[in-house]
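Structure, as structure tokens:
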Amino acid sequence: MCSLALFPPPLPSGQTTLCESNNELLSGTSTEDRPKQVRFTAAVLPLSLYFPRESLKLHSRTESSSKAAFLDHSETLWMRSAAAWRDGGLTGLLTEITNSHTEVPKWLSVSSGCTLALLRWISSFHGSLFPHLTLSSEDMIAEFSQVLNWSDCVVRAFSWHPHTDKFAVALLDDSIKIYNPKSATTPTLKHRLQRSVAAVQWKPLCASALAVACQNCLLVWHVDPCSLSTRPSSGCAQVLSHPGHSPVTSIAWSPSGSLLVSASPVDTAVMVWDVAAESCVPLQRLGGGGVTFLSWSPDGSHVLASTPSTLFRVWETRMWTCERWPCVKGRCQSGCWSPDGSRLLFTVQGETVIYALTFTDAPGSPGIPTGSSKGPQAAAVVADLSETTFNTPDGDIIQYYTGVIFSVSFNNSSQSVSVFSGDPQAVDRPAIIAVFKTRTNPIFELLPCGFVQGEPGAEPRLMQFHPNFQHGALLTVCWSTGRITHVPFYFLSTGVPHFGLSGSPLLPRLQERPSAFANQSLFTELIS
Amino acid sequence: MFSTEQSCWFVRKVICWRAAASIAWAVLLLPPITAVFIILSRFSFLHPIHTISECLSLLTSASAIFSFILLCGVILMVGFLNLEYYTVIPTIACSKIALLGQLLHPRQFVSSVVHCIMGIIVAWCCAITIGGRYETLGYPCIQSDGSPQMCLNEYQLILLLAGAFVGFSHSLLGVIHNMNYVSFHTVQQYKYLRFKGSLPLVVKCSAIQALYSIRNYIVVYFFLGYIPRAWICKTLNLHLTSSAHPLDSIAGLLDLSLFYHLWISATFLLFTWYITLLLFRIFVTEVYSFPVQSSFTEDAHQCLPKVLLTDKQPMILKFLALQDLALLSQHSPSRRCEVFSLSQPGGHPHNWNAISGECLSLLADLTQRLVAYHDTVATNGRAKSLSTGSERKTSSETSVTSGTEDLMSPRPTLLMKTPASVFARSIVGGPQSPLTAPFTPDLDSPFASPALRRLTAPVEQCSPWHGTVQSPHIMRRAPKLWSTSTDSQVNGSFPPSPASVPSPKQEASKPSLLAQFLQNRKEQVLHFVTDQNYNVILPEASSQALFADSQAHIWALEGLSYLVQASFSEDHFGVVQTALPSILSCMLVLQEAVDRHFKLPHASSKPVRSTSSIGDSTYKTLRFALRATLKTAIYRITTTFGDHLNAVQMSAEHRKRLQQFLEYKE
């Protein structure tokens, strides 16, 4: 098991992590500090972006309060009831009837008031079972999003295209921008229904489709990569919605690009969408009170679905059956699959460790659902990120406290894992990004690599690996300041690791470091 | 029924058993459904315990058991009708008149009558179980003059007629909503889970549909109810009581308990039928795993390549085979290995050749069909008149058609496939196949739309596949030659129905009043038939009809692309490489044709989703699914092979197109 204590000490403040080479995270105060060789390859890096908060036009008022700007329009009770039924369903209708007690017969208003009270009492009972149901939908997205402090974050979602160098950024003003280094236009996507974007993801094996999880629905944009238009019309977006399935907090495309799954903390069913046909199959399983996070394994065989209670499920995608995985402490916050789909790393809220599950695929047995009978019996701890102290060269003691491990992610060649942890409640303890190297042969291990640090005062909010970066791995980090930076890790993705830890070729060692930990066998493995 | 020479092994061994299993489950589900119905129909809030004990005693009574046996018989009949009428390729009426033709089809008429009778039987059972005032049709009463006689109990009559009406409207809606269409799901689930998942929808649909049907029924009964009442009174020698007021009055129909009982009976009827249909769909679309190759020669005809190749078969067999192909290519490495294997003596990749050849010919069929459609349909989405259509057909020497010919040249057998064969094939030989025949419109019938008939007609001289040597001058002159005789052309393209219009020659000899009258009638009928509103090809419907069997193409595309992707690492003998150029060019040509099709207006308009109907509307969106699958399939090949594709031989145009895919610019 790897722990934070084995990590090289963090950079002095003011230094920014620029790149990795030879198993070291190189730092500097500006981009010019990069070593020459690195700077050469840095030419292929995508641009760093900066979205200052002031540049975004925020909604000055919410949708509902715009009613006040208009003159009071007296409608008949019948019209108001119809509108209430349309907008708020049964609850809305009952509220409307109760409120307009001057116009309706007394028994009607009284009985609707009683029904409303009864409904509220039942829903509060339900809410006491699943406390998250009492949250408003914005709070719910903030609670279950993969972004730290989602409601306050300038960059709310980020997604690399799985095959090319373009990416999509969802911003605080509910717009989505698409950056492509090969084209001068940066399309901005706006839609009437595109509010409170919780996640975006590009469709694999497709150049144009981008799925967006919104507050009330799912949107699938079709952005023609050859188009010169900077504002694609809302006709380019397909709206996928299902009653009771909002807010959508997580989406995942199947790696074959044929299906899209979506999850809502309110809905106990995972929706499997056939996007082209706009039809969906709900996979209903009781228990858990909803589904918060979905992750499809890169080989397409399993889907992780975590719930707001201490339970997560792993679906196999051939016959769509699932395994239940109860956790002890808290809900499953995040998870990621190794690129071959055999290993699942996940984190649990309330624990500062990373667990691993290994799925042995049974080849050549089409009828038997994998994982159900041959799956692992228990998860193993592979890394411990609990509180550690470091002595900096200046003599200060930096205390690293990791409240919640927010997200983990594997890079495309399974050579590194980055972990991003932080506590939304603890203001004085900054969130950190720790990077591990992985080794799968002979056993699966996590080895320490270092901390990624931004400019002073910037906290990481969101991170993602580039899915196919030729020179190694590329970690994209969105910071609290609104900046998006890329940290390249130079290693040969196909090469054999030379020193067991780093396979960085070409670059001469810049400085001899006592890389003692390279030969340490401290990293035990707990996987049978 | 299936005659012995037509029923193939698959129908005998698999489909019939699946249908039998679904019916058996439906019969097993009948007791709980009936129990729920009895409780719901007799429940009274004032005496809940009394109601329950009454229901229990009713459930064990002889009349309940008799009516239960009757209900089982109805379920058996419904299940049998499902098996007889189901189709995997929906019949899409391209015009309103074609829909009318479907509704008046003799087979459909038989089905409607059977549904009416079954509706009456179910309603009678409901009347028995509800009891009370519904129990008997006649009751003894004392007339005003004091003589005892039998009187008509109108409550049972209204319930029985409601059953007939709901059964009839169910069979009509079945045609309109293509309820006999069986669609295959993209998400595979176990049967029980699928059933459980669709149960709420079935409950909702049957309740809503019953509500609408009963509403319509009450309106009909209000106006026309006296006719069946008088008829029944006459035939059964019953009398109407003067004391009880008749039910076809506003006061009689404003009976809430009567309405509730009618509605719950109709819901019960529709629910049992829908459950039977749902179980049939679930059972029949279950994945069937065909062996890729068999070591025994007597089983050779059951192997996947053979099943795919044979044409004389029920369409469901081909669909299940293609579904199995798509799944094995995705999920099962060992079966993929069998596909890539070589034959033991000789070393030929027979399996791969058969599978890829059949998939490619399916895709080429679709390409040709799209090209033919595009040529016959004007850009405004409506069928052109004959002259302009043919002119366009000859002059449109577009890249798509030439592309098709490029593709066809290495496979000379495909050249023979004219659009006629494409369409004949797509509707499975029409009358020969009992499985899909019932609702396919007779293409020779006067209701068939002219453009569809033109597509299915044998290719004329001027088609690009035959006489491409014609000079463009002649073609440009063609419309002038035709435009003189518009009248004859109308007669030619829309032959009036022989039943409604008498032969004009007989009247022409004697110009009498009768002839004049008949001539006027004829013109009216002609006008009706050719009226823009009735016989115009609904643009979206024709686009749907074009892609009606596209589920097969989707599976062919998925199967091919997954196999090609797997061949990158699993194909040890290089059998796939020989077919790679033809697969790529076939897909690219199809891509071009599909792109062109979606440029037509109406082709890309989304159909309205209806959630409150049990009818499956998957076929309405098949074209979008095909477009998405096609793109994904090409991307799957290009991402797997990458720059290796530059070594594949193909035309410059296709290479350019492929480069777009390699750069992710499509």
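Residue names in the structure tokens use chain letters A, B, ... in the order shown, residue numbers from 1 in each chain, and ligand numbers from 1 in the order shown.
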
Let's see if you can do this: from backbone DSSP, list all alpha helix (DSSP H) residues in range 117-324 of chain A, as a VMD selection string.
chain A and resid 117 to 129 137 to 144

I need the chain B residues near chain A as an MDAnalysis selection string; criterion: at most 9 Å, counting only C-alpha atoms.
chainID B and resid 186:190 193 197 328 331:335 609 618 620:629 631:636 639 661 663:666
